[in-house]
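Novice: File target29.pdb below, PDB, C-alpha atoms:
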ATOM      1  CA  ILE A   1     -96.542  72.117  91.020
ATOM      2  CA  SER A   2     -97.267  69.130  93.279
ATOM      3  CA  GLY A   3     -98.368  66.983  90.342
ATOM      4  CA  LEU A   4     -95.006  67.481  88.614
ATOM      5  CA  ILE A   5     -92.650  66.865  91.546
ATOM      6  CA  LYS A   6     -90.630  63.664  91.581
ATOM      7  CA  LYS A   7     -88.082  62.193  93.954
ATOM      8  CA  ASN A   8     -84.797  64.167  94.308
ATOM      9  CA  ASP A   9     -86.280  67.372  92.853
ATOM     10  CA  LEU A  10     -85.191  70.745  94.222
ATOM     11  CA  ILE A  11     -87.866  73.424  94.549
ATOM     12  CA  ILE A  12     -86.592  77.000  94.611
ATOM     13  CA  LEU A  13     -88.991  79.701  95.740
ATOM     14  CA  ARG A  14     -88.114  83.224  94.517
ATOM     15  CA  SER A  15     -91.162  85.460  95.070
ATOM     16  CA  THR A  16     -91.766  87.587  98.125
ATOM     17  CA  VAL A  17     -93.666  85.737 100.831
ATOM     18  CA  PRO A  18     -94.411  86.344 104.510
ATOM     19  CA  ILE A  19     -91.742  85.066 106.892
ATOM     20  CA  GLY A  20     -92.448  81.395 107.592
ATOM     21  CA  CYS A  21     -94.467  80.770 104.423
ATOM     22  CA  SER A  22     -92.007  78.264 102.940
ATOM     23  CA  ARG A  23     -91.890  76.118 106.068
ATOM     24  CA  ASN A  24     -95.441  76.556 107.383
ATOM     25  CA  PHE A  25     -97.427  76.689 104.158
ATOM     26  CA  VAL A  26     -95.488  75.301 101.172
ATOM     27  CA  ILE A  27     -93.892  72.272 102.858
ATOM     28  CA  PRO A  28     -97.066  70.814 104.425
ATOM     29  CA  ILE A  29     -99.083  71.192 101.222
ATOM     30  CA  ILE A  30     -96.463  69.652  98.946
ATOM     31  CA  GLU A  31     -95.678  66.807 101.373
ATOM     32  CA  LYS A  32     -99.374  66.008 101.704
ATOM     33  CA  LYS A  33    -100.042  66.084  97.947
ATOM     34  CA  THR A  34     -96.893  64.198  96.875
ATOM     35  CA  LYS A  35     -96.333  61.876  99.860
ATOM     36  CA  LEU A  36     -92.650  62.872  99.554
ATOM     37  CA  LYS A  37     -90.666  64.219 102.538
ATOM     38  CA  PHE A  38     -88.536  67.369 102.350
ATOM     39  CA  GLY A  39     -84.923  66.732 103.275
ATOM     40  CA  LYS A  40     -85.235  63.056 102.386
ATOM     41  CA  ASP A  41     -87.077  62.689  99.078
ATOM     42  CA  ILE A  42     -87.284  66.275  97.809
ATOM     43  CA  PHE A  43     -85.485  69.515  98.601
ATOM     44  CA  LEU A  44     -86.372  73.182  99.123
ATOM     45  CA  ALA A  45     -84.562  76.513  99.054
ATOM     46  CA  PHE A  46     -85.775  80.083  99.252
ATOM     47  CA  CYS A  47     -83.625  82.293  97.027
ATOM     48  CA  PRO A  48     -85.126  85.791  96.794
ATOM     49  CA  GLU A  49     -85.408  87.235  93.322
ATOM     50  CA  ARG A  50     -83.549  90.569  93.355
ATOM     51  CA  THR A  51     -83.727  91.746  89.741
ATOM     52  CA  ILE A  52     -85.539  94.652  88.119
ATOM     53  CA  GLU A  53     -87.810  94.315  85.124
ATOM     54  CA  GLY A  54     -85.958  94.254  81.832
ATOM     55  CA  GLU A  55     -82.586  93.517  83.457
ATOM     56  CA  ALA A  56     -83.155  90.040  84.892
ATOM     57  CA  ILE A  57     -80.652  88.053  82.828
ATOM     58  CA  LYS A  58     -77.875  90.629  83.295
ATOM     59  CA  GLU A  59     -78.562  91.040  87.010
ATOM     60  CA  LEU A  60     -78.803  87.298  87.680
ATOM     61  CA  LYS A  61     -75.154  87.099  86.671
ATOM     62  CA  LYS A  62     -74.093  90.217  88.577
ATOM     63  CA  ILE A  63     -76.122  90.469  91.802
ATOM     64  CA  PRO A  64     -75.187  88.079  94.633
ATOM     65  CA  GLN A  65     -77.749  85.317  95.048
ATOM     66  CA  ILE A  66     -79.025  84.650  98.573
ATOM     67  CA  ILE A  67     -79.846  81.060  99.497
ATOM     68  CA  GLY A  68     -81.778  79.884 102.533
ATOM     69  CA  SER A  69     -82.465  76.172 102.614
ATOM     70  CA  PHE A  70     -84.529  73.538 104.336
ATOM     71  CA  CYS A  71     -81.493  71.296 104.897
ATOM     72  CA  LYS A  72     -77.831  70.885 103.952
ATOM     73  CA  LYS A  73     -78.616  68.895 100.800
ATOM     74  CA  SER A  74     -81.122  71.567  99.697
ATOM     75  CA  SER A  75     -78.399  74.163 100.136
ATOM     76  CA  GLU A  76     -75.846  72.180  98.140
ATOM     77  CA  LEU A  77     -78.293  71.706  95.258
ATOM     78  CA  ALA A  78     -79.332  75.375  95.213
ATOM     79  CA  LYS A  79     -75.694  76.522  95.252
ATOM     80  CA  ARG A  80     -74.971  74.295  92.252
ATOM     81  CA  VAL A  81     -77.866  75.856  90.339
ATOM     82  CA  PHE A  82     -76.798  79.446  91.004
ATOM     83  CA  ASN A  83     -73.066  78.812  90.630
ATOM     84  CA  GLU A  84     -73.731  77.890  87.002
ATOM     85  CA  TYR A  85     -73.954  81.608  86.152
ATOM     86  CA  ASN A  86     -73.074  83.587  89.284
ATOM     87  CA  PHE A  87     -69.953  83.224  91.401
ATOM     88  CA  THR A  88     -71.329  85.131  94.379
ATOM     89  CA  VAL A  89     -73.736  82.998  96.362
ATOM     90  CA  ILE A  90     -74.561  84.077  99.886
ATOM     91  CA  GLU A  91     -75.887  81.413 102.200
ATOM     92  CA  VAL A  92     -78.134  82.354 105.121
ATOM     93  CA  SER A  93     -79.010  80.033 107.960
ATOM     94  CA  ASP A  94     -82.545  78.971 106.997
ATOM     95  CA  LEU A  95     -85.641  79.535 104.876
ATOM     96  CA  GLU A  96     -86.996  82.260 107.150
ATOM     97  CA  SER A  97     -83.772  84.284 106.997
ATOM     98  CA  ALA A  98     -83.901  84.247 103.200
ATOM     99  CA  GLU A  99     -87.572  85.262 103.239
ATOM    100  CA  LEU A 100     -86.681  88.201 105.499
ATOM    101  CA  CYS A 101     -83.805  89.190 103.164
ATOM    102  CA  LYS A 102     -86.290  89.829 100.376
ATOM    103  CA  LEU A 103     -88.538  91.910 102.629
ATOM    104  CA  ILE A 104     -85.562  93.882 103.954
ATOM    105  CA  ASP A 105     -84.335  94.764 100.441
ATOM    106  CA  ASN A 106     -87.606  96.183  99.192
ATOM    107  CA  SER A 107     -88.814  97.764 102.432
ATOM    108  CA  TYR A 108     -85.481  99.544 102.866
ATOM    109  CA  ARG A 109     -85.686 101.004  99.373
ATOM    110  CA  ASP A 110     -89.285 102.080  99.914
ATOM    111  CA  THR A 111     -88.272 103.769 103.179
ATOM    112  CA  ILE A 112     -85.393 105.753 101.674
ATOM    113  CA  PHE A 113     -87.643 106.930  98.852
ATOM    114  CA  ALA A 114     -90.188 108.054 101.448
ATOM    115  CA  TYR A 115     -87.463 110.020 103.227
ATOM    116  CA  THR A 116     -86.752 112.008 100.077
ATOM    117  CA  ASN A 117     -90.420 112.354  99.211
ATOM    118  CA  GLN A 118     -91.128 113.809 102.640
ATOM    119  CA  LEU A 119     -88.209 116.227 102.240
ATOM    120  CA  SER A 120     -89.731 117.339  98.936
ATOM    121  CA  LEU A 121     -92.817 118.582 100.771
ATOM    122  CA  LEU A 122     -90.686 120.709 103.097
ATOM    123  CA  SER A 123     -88.456 122.048 100.333
ATOM    124  CA  GLU A 124     -91.480 123.015  98.270
ATOM    125  CA  LYS A 125     -92.904 124.996 101.210
ATOM    126  CA  LEU A 126     -89.562 126.746 101.647
ATOM    127  CA  ASN A 127     -89.183 127.282  97.885
ATOM    128  CA  LEU A 128     -85.907 125.310  97.799
ATOM    129  CA  ASN A 129     -84.639 123.168  94.914
ATOM    130  CA  LEU A 130     -84.366 119.751  96.567
ATOM    131  CA  VAL A 131     -83.045 118.013  93.438
ATOM    132  CA  ASP A 132     -80.124 120.443  93.303
ATOM    133  CA  ILE A 133     -79.554 120.125  97.066
ATOM    134  CA  ILE A 134     -79.492 116.321  96.849
ATOM    135  CA  ASP A 135     -76.992 116.501  93.983
ATOM    136  CA  LYS A 136     -74.766 118.687  96.166
ATOM    137  CA  VAL A 137     -74.927 116.550  99.332
ATOM    138  CA  ASN A 138     -74.310 113.347  97.354
ATOM    139  CA  LEU A 139     -71.363 114.770  95.382
ATOM    140  CA  GLY A 140     -68.123 113.114  96.477
ATOM    141  CA  TYR A 141     -69.674 111.834  99.695
ATOM    142  CA  ASP A 142     -69.796 108.068  99.283
ATOM    143  CA  ARG A 143     -71.923 107.467 102.372
ATOM    144  CA  ASN A 144     -74.802 109.314 100.744
ATOM    145  CA  ARG A 145     -76.871 107.767  98.018
ATOM    146  CA  ILE A 146     -79.909 109.900  98.612
ATOM    147  CA  PRO A 147     -82.421 109.361  95.784
ATOM    148  CA  LYS A 148     -84.355 112.111  94.020
ATOM    149  CA  PRO A 149     -87.998 112.696  95.000
ATOM    150  CA  SER A 150     -90.666 111.082  92.848
ATOM    151  CA  PRO A 151     -94.429 110.861  92.513
ATOM    152  CA  GLY A 152     -94.319 107.761  94.669
ATOM    153  CA  VAL A 153     -92.715 104.388  94.269
ATOM    154  CA  GLY A 154     -93.691 102.156  91.390
ATOM    155  CA  GLY A 155     -93.688  98.470  90.745
ATOM    156  CA  PRO A 156     -95.480  95.705  92.564
ATOM    157  CA  CYS A 157     -92.664  94.871  95.006
ATOM    158  CA  LEU A 158     -92.042  98.173  96.719
ATOM    159  CA  SER A 159     -95.736  98.869  97.162
ATOM    160  CA  LYS A 160     -96.649  95.512  98.750
ATOM    161  CA  ASP A 161     -93.535  94.186 100.505
ATOM    162  CA  PRO A 162     -93.572  96.775 103.319
ATOM    163  CA  TYR A 163     -97.096  95.589 104.175
ATOM    164  CA  ILE A 164     -95.904  91.981 104.293
ATOM    165  CA  LEU A 165     -93.022  92.994 106.586
ATOM    166  CA  HIS A 166     -95.356  95.160 108.686
ATOM    167  CA  ASN A 167     -97.671  92.186 109.156
ATOM    168  CA  SER A 168     -94.731  90.161 110.508
ATOM    169  CA  PHE A 169     -94.241  92.813 113.193
ATOM    170  CA  LYS A 170     -97.924  92.540 114.109
ATOM    171  CA  LEU A 171     -97.893  88.733 114.150
ATOM    172  CA  ASN A 172     -94.941  88.850 116.539
ATOM    173  CA  LYS A 173     -96.703  91.369 118.786
ATOM    174  CA  LEU A 174     -94.312  94.216 118.043
ATOM    175  CA  LYS A 175     -95.481  97.800 117.766
ATOM    176  CA  SER A 176     -97.559  97.926 114.606
ATOM    177  CA  ASP A 177     -97.101 101.659 113.848
ATOM    178  CA  SER A 178     -93.682 100.958 112.377
ATOM    179  CA  LEU A 179     -91.297 103.131 110.406
ATOM    180  CA  VAL A 180     -91.834 100.842 107.413
ATOM    181  CA  ILE A 181     -95.592 101.416 107.258
ATOM    182  CA  THR A 182     -95.251 105.159 107.896
ATOM    183  CA  ALA A 183     -92.824 105.371 104.970
ATOM    184  CA  ARG A 184     -95.235 103.387 102.785
ATOM    185  CA  ARG A 185     -98.001 105.906 103.546
ATOM    186  CA  VAL A 186     -95.725 108.829 102.632
ATOM    187  CA  ASN A 187     -95.083 107.247  99.237
ATOM    188  CA  GLU A 188     -98.749 106.422  98.690
ATOM    189  CA  ASN A 189     -99.716 110.049  99.354
ATOM    190  CA  MET A 190     -97.208 111.580  96.927
ATOM    191  CA  ILE A 191     -99.582 111.507  93.947
ATOM    192  CA  LYS A 192    -102.234 113.313  95.993
ATOM    193  CA  ASN A 193     -99.639 115.832  97.216
ATOM    194  CA  ILE A 194     -98.488 116.535  93.666
ATOM    195  CA  PHE A 195    -102.075 116.903  92.511
ATOM    196  CA  ASN A 196    -102.846 119.351  95.353
TER     197      ASN A 196
END
Could I get this file's structure written as structure tokens?
Specialist:
Amino acid sequence: ISGLIKKNDLIILRSTVPIGCSRNFVIPIIEKKTKLKFGKDIFLAFCPERTIEGEAIKELKKIPQIIGSFCKKSSELAKRVFNEYNFTVIEVSDLESAELCKLIDNSYRDTIFAYTNQLSLLSEKLNLNLVDIIDKVNLGYDRNRIPKPSPGVGGPCLSKDPYILHNSFKLNKLKSDSLVITARRVNENMIKNIFN
């Protein structure tokens, strides 16, 4: 996009990226190629896309939009864009916080699906109807939103984002055998478990 950028443009990144990608990768490349400076000549916000396939237009209006910006002016411009069709805009402190928001959303969902998928292995061994049990424990108990087991987790986001988050743990020298990656492996093995 560097060849198309002009002074006063706002760039909004939406796709999942590793934490720090906007600041450490995107900014230097675009500044070098355009000779424009972020925060002065051009502006940048990371606003994670949070919609599901086939529902994007509806969900853009309904789901709160998260905005993490390079500077105050970037934030103001991004808020104006999203306030055109959504009245709930949530501002986080910086680009990295917004990048982490996206990873948190998808890795959390992958982890809760893994929880149920692991329970399905136990219930099958014990000859118990887990789907019926989940219906019963969820019924009238608002704190529970336990999903049904499945042959894994589909879509490109839930299968890759936990690895991106896991890599952030490794890059920051935190224990690399994390809950997130263990959950991902449970979901990846579900097809094999069903086949067996």
Novice: For this file, the PyMOL selection byres ((chain A and resi 72-89) around 8) selects which residues, as a ChimeraX atom specification?
Specialist: /A:10,12,39,43-45,60-71,90-91
Novice: Could you name the residues that touch Ser123 (chain A) at 12 Å or less, counting only C-alpha atoms, but leaving out those on the same chain fewer than 5 positions away, as a ChimeraX atom specification?
Specialist: /A:116-118,128-134,149
Novice: Tell me, in Å to one decimal, how far CA of Arg185 (chain A) is from CA of Ala114 (chain A).
Specialist: 8.4 Å
Novice: In Å, with one decimal, what is the gap from CA of Asp9 (chain A) to CA of Ile42 (chain A)?
Specialist: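 CA of Asp9 (chain A) sits 5.2 Å away from CA of Ile42 (chain A).
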Novice: Residues picked by the PyMOL selection byres ((chain A and resi 168) around 12) here, as a VMD selection string?
Specialist: chain A and resid 17 to 21 96 99 to 100 103 to 104 161 to 167 169 to 176 178 180 to 181
Novice: Considering all atoms listed in the file, return as a PyMOL selection string whatever protein or nucleic-acid residues lie within 10 Å of region 49-51 of chain A, sequence-local ones (same chain, fewer than 2 positions apart) excluded.
Specialist: chain A and resi 13-16+46-47+53-60+62-66+101-102+105-106
Novice: Taking all atoms listed in the file into account, name the residue in A:Ile27, A:Leu95, A:Leu36, A:Ala183 that is nearest to Phe113 (chain A).
Specialist: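 Nearest candidate to Phe113 (chain A) out of A:Ile27, A:Leu95, A:Leu36, A:Ala183: A:Ala183.
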Novice: Please write the residues picked by the PyMOL selection byres ((chain A and resi 3) around 8) on this file as a PyMOL selection string.
Specialist: chain A and resi 1-2+4-5+33-34
Novice: What separation in Å, quoted to one decimal, exists between CA of Val137 (chain A) and CA of Ser120 (chain A)?
Specialist: 14.8 Å
Novice: Have a look at A:Cys157, A:Asn127, A:Tyr141, A:Leu119 and name the one nearest to Met190 (chain A); count only C-alpha atoms.
Specialist: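 Between A:Cys157, A:Asn127, A:Tyr141, A:Leu119, the residue approaching Met190 (chain A) most closely is A:Leu119.
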Novice: So, with all atoms listed in the file as the atoms that count, which of A:Arg143, A:Lys7, A:Lys148, A:Lys160 lies closest to Asp41 (chain A)?
Specialist: A:Lys7
Novice: Can you work out which one of A:Ser97, A:Ile112, A:Leu121, A:Val26 has the shortest atom-to-atom distance to Asn196 (chain A), counting all atoms listed in the file?
Specialist: A:Leu121
Novice: So, with all atoms listed in the file as the atoms that count, which of A:Lys37, A:Lys6, A:Arg109, A:Pro151 lies closest to Lys192 (chain A)?
Specialist: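 The answer is A:Pro151, which sits nearest to Lys192 (chain A).
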Novice: Kindly list the centre and edge lengths in Å, rounded to one decimal, for the axis-aligned box that covers all listed atoms of region 95-110 of chain A plus 6 Å on each of its six sides, as JSON.
Specialist:
{"center_x": -86.5, "center_y": 90.8, "center_z": 103.2, "size_x": 17.5, "size_y": 34.5, "size_z": 20.0}
Novice: Go through A:Lys136, A:Arg23, A:Arg184, A:Lys35 and flag the residue nearest Ser107 (chain A), using only C-alpha atoms for the distances.
Specialist: A:Arg184
Novice: Could I get region 58-136 of chain A from the block written out with C-alpha atoms, as an mmCIF file, in the first residue's frame?
Specialist:
data_model
loop_
_atom_site.group_PDB
_atom_site.id
_atom_site.type_symbol
_atom_site.label_atom_id
_atom_site.label_comp_id
_atom_site.auth_asym_id
_atom_site.auth_seq_id
_atom_site.Cartn_x
_atom_site.Cartn_y
_atom_site.Cartn_z
ATOM 1 C CA LYS A 58 -24.282 -7.104 10.524
ATOM 2 C CA GLU A 59 -21.585 -7.673 13.139
ATOM 3 C CA LEU A 60 -19.642 -4.520 12.249
ATOM 4 C CA LYS A 61 -22.690 -2.576 13.392
ATOM 5 C CA LYS A 62 -23.314 -4.693 16.492
ATOM 6 C CA ILE A 63 -19.963 -5.805 17.949
ATOM 7 C CA PRO A 64 -17.922 -3.169 19.815
ATOM 8 C CA GLN A 65 -14.922 -2.024 17.800
ATOM 9 C CA ILE A 66 -11.559 -1.955 19.584
ATOM 10 C CA ILE A 67 -9.115 0.788 18.625
ATOM 11 C CA GLY A 68 -5.436 0.958 19.504
ATOM 12 C CA SER A 69 -3.579 3.843 17.929
ATOM 13 C CA PHE A 70 -0.127 5.168 17.231
ATOM 14 C CA CYS A 71 -1.016 8.636 18.550
ATOM 15 C CA LYS A 72 -3.956 10.773 19.676
ATOM 16 C CA LYS A 73 -4.724 12.004 16.153
ATOM 17 C CA SER A 74 -4.696 8.406 14.855
ATOM 18 C CA SER A 75 -7.198 7.515 17.555
ATOM 19 C CA GLU A 76 -9.491 10.431 16.737
ATOM 20 C CA LEU A 77 -9.507 9.532 13.035
ATOM 21 C CA ALA A 78 -10.155 5.831 13.683
ATOM 22 C CA LYS A 79 -13.010 6.636 16.081
ATOM 23 C CA ARG A 80 -14.618 8.824 13.415
ATOM 24 C CA VAL A 81 -14.445 5.970 10.905
ATOM 25 C CA PHE A 82 -16.039 3.404 13.218
ATOM 26 C CA ASN A 83 -18.579 5.789 14.744
ATOM 27 C CA GLU A 84 -20.120 6.135 11.286
ATOM 28 C CA TYR A 85 -21.854 2.767 11.778
ATOM 29 C CA ASN A 86 -21.159 1.592 15.332
ATOM 30 C CA PHE A 87 -21.788 3.524 18.530
ATOM 31 C CA THR A 88 -19.635 1.290 20.715
ATOM 32 C CA VAL A 89 -15.964 2.020 20.202
ATOM 33 C CA ILE A 90 -13.537 0.797 22.824
ATOM 34 C CA GLU A 91 -10.194 2.533 22.971
ATOM 35 C CA VAL A 92 -7.140 0.704 24.311
ATOM 36 C CA SER A 93 -3.890 2.385 25.222
ATOM 37 C CA ASP A 94 -1.727 1.524 22.201
ATOM 38 C CA LEU A 95 -1.191 -0.571 19.081
ATOM 39 C CA GLU A 96 0.200 -3.529 21.017
ATOM 40 C CA SER A 97 -2.813 -3.696 23.341
ATOM 41 C CA ALA A 98 -5.144 -3.859 20.346
ATOM 42 C CA GLU A 99 -2.997 -6.556 18.725
ATOM 43 C CA LEU A 100 -3.214 -8.589 21.943
ATOM 44 C CA CYS A 101 -7.017 -8.105 22.052
ATOM 45 C CA LYS A 102 -7.348 -9.985 18.779
ATOM 46 C CA LEU A 103 -5.132 -12.826 19.994
ATOM 47 C CA ILE A 104 -7.013 -13.021 23.299
ATOM 48 C CA ASP A 105 -10.413 -13.301 21.572
ATOM 49 C CA ASN A 106 -9.507 -16.194 19.318
ATOM 50 C CA SER A 107 -7.184 -18.053 21.684
ATOM 51 C CA TYR A 108 -9.807 -17.934 24.436
ATOM 52 C CA ARG A 109 -12.433 -19.425 22.141
ATOM 53 C CA ASP A 110 -10.034 -22.121 20.966
ATOM 54 C CA THR A 111 -9.240 -22.974 24.596
ATOM 55 C CA ILE A 112 -12.871 -23.324 25.682
ATOM 56 C CA PHE A 113 -13.578 -25.556 22.694
ATOM 57 C CA ALA A 114 -10.596 -27.702 23.684
ATOM 58 C CA TYR A 115 -12.013 -28.000 27.199
ATOM 59 C CA THR A 116 -15.230 -29.483 25.846
ATOM 60 C CA ASN A 117 -13.423 -31.627 23.305
ATOM 61 C CA GLN A 118 -11.272 -33.123 26.046
ATOM 62 C CA LEU A 119 -14.379 -33.792 28.149
ATOM 63 C CA SER A 120 -15.865 -35.625 25.165
ATOM 64 C CA LEU A 121 -13.046 -38.168 25.317
ATOM 65 C CA LEU A 122 -13.769 -38.880 28.985
ATOM 66 C CA SER A 123 -17.533 -39.035 28.533
ATOM 67 C CA GLU A 124 -17.155 -41.442 25.635
ATOM 68 C CA LYS A 125 -15.021 -43.765 27.790
ATOM 69 C CA LEU A 126 -17.638 -43.616 30.539
ATOM 70 C CA ASN A 127 -20.498 -44.023 28.040
ATOM 71 C CA LEU A 128 -22.062 -40.694 29.085
ATOM 72 C CA ASN A 129 -23.996 -38.305 26.832
ATOM 73 C CA LEU A 130 -21.890 -35.146 27.085
ATOM 74 C CA VAL A 131 -24.162 -33.091 24.812
ATOM 75 C CA ASP A 132 -27.105 -33.760 27.124
ATOM 76 C CA ILE A 133 -24.967 -33.073 30.212
ATOM 77 C CA ILE A 134 -23.776 -29.746 28.785
ATOM 78 C CA ASP A 135 -27.371 -28.765 28.007
ATOM 79 C CA LYS A 136 -28.270 -29.486 31.635
#
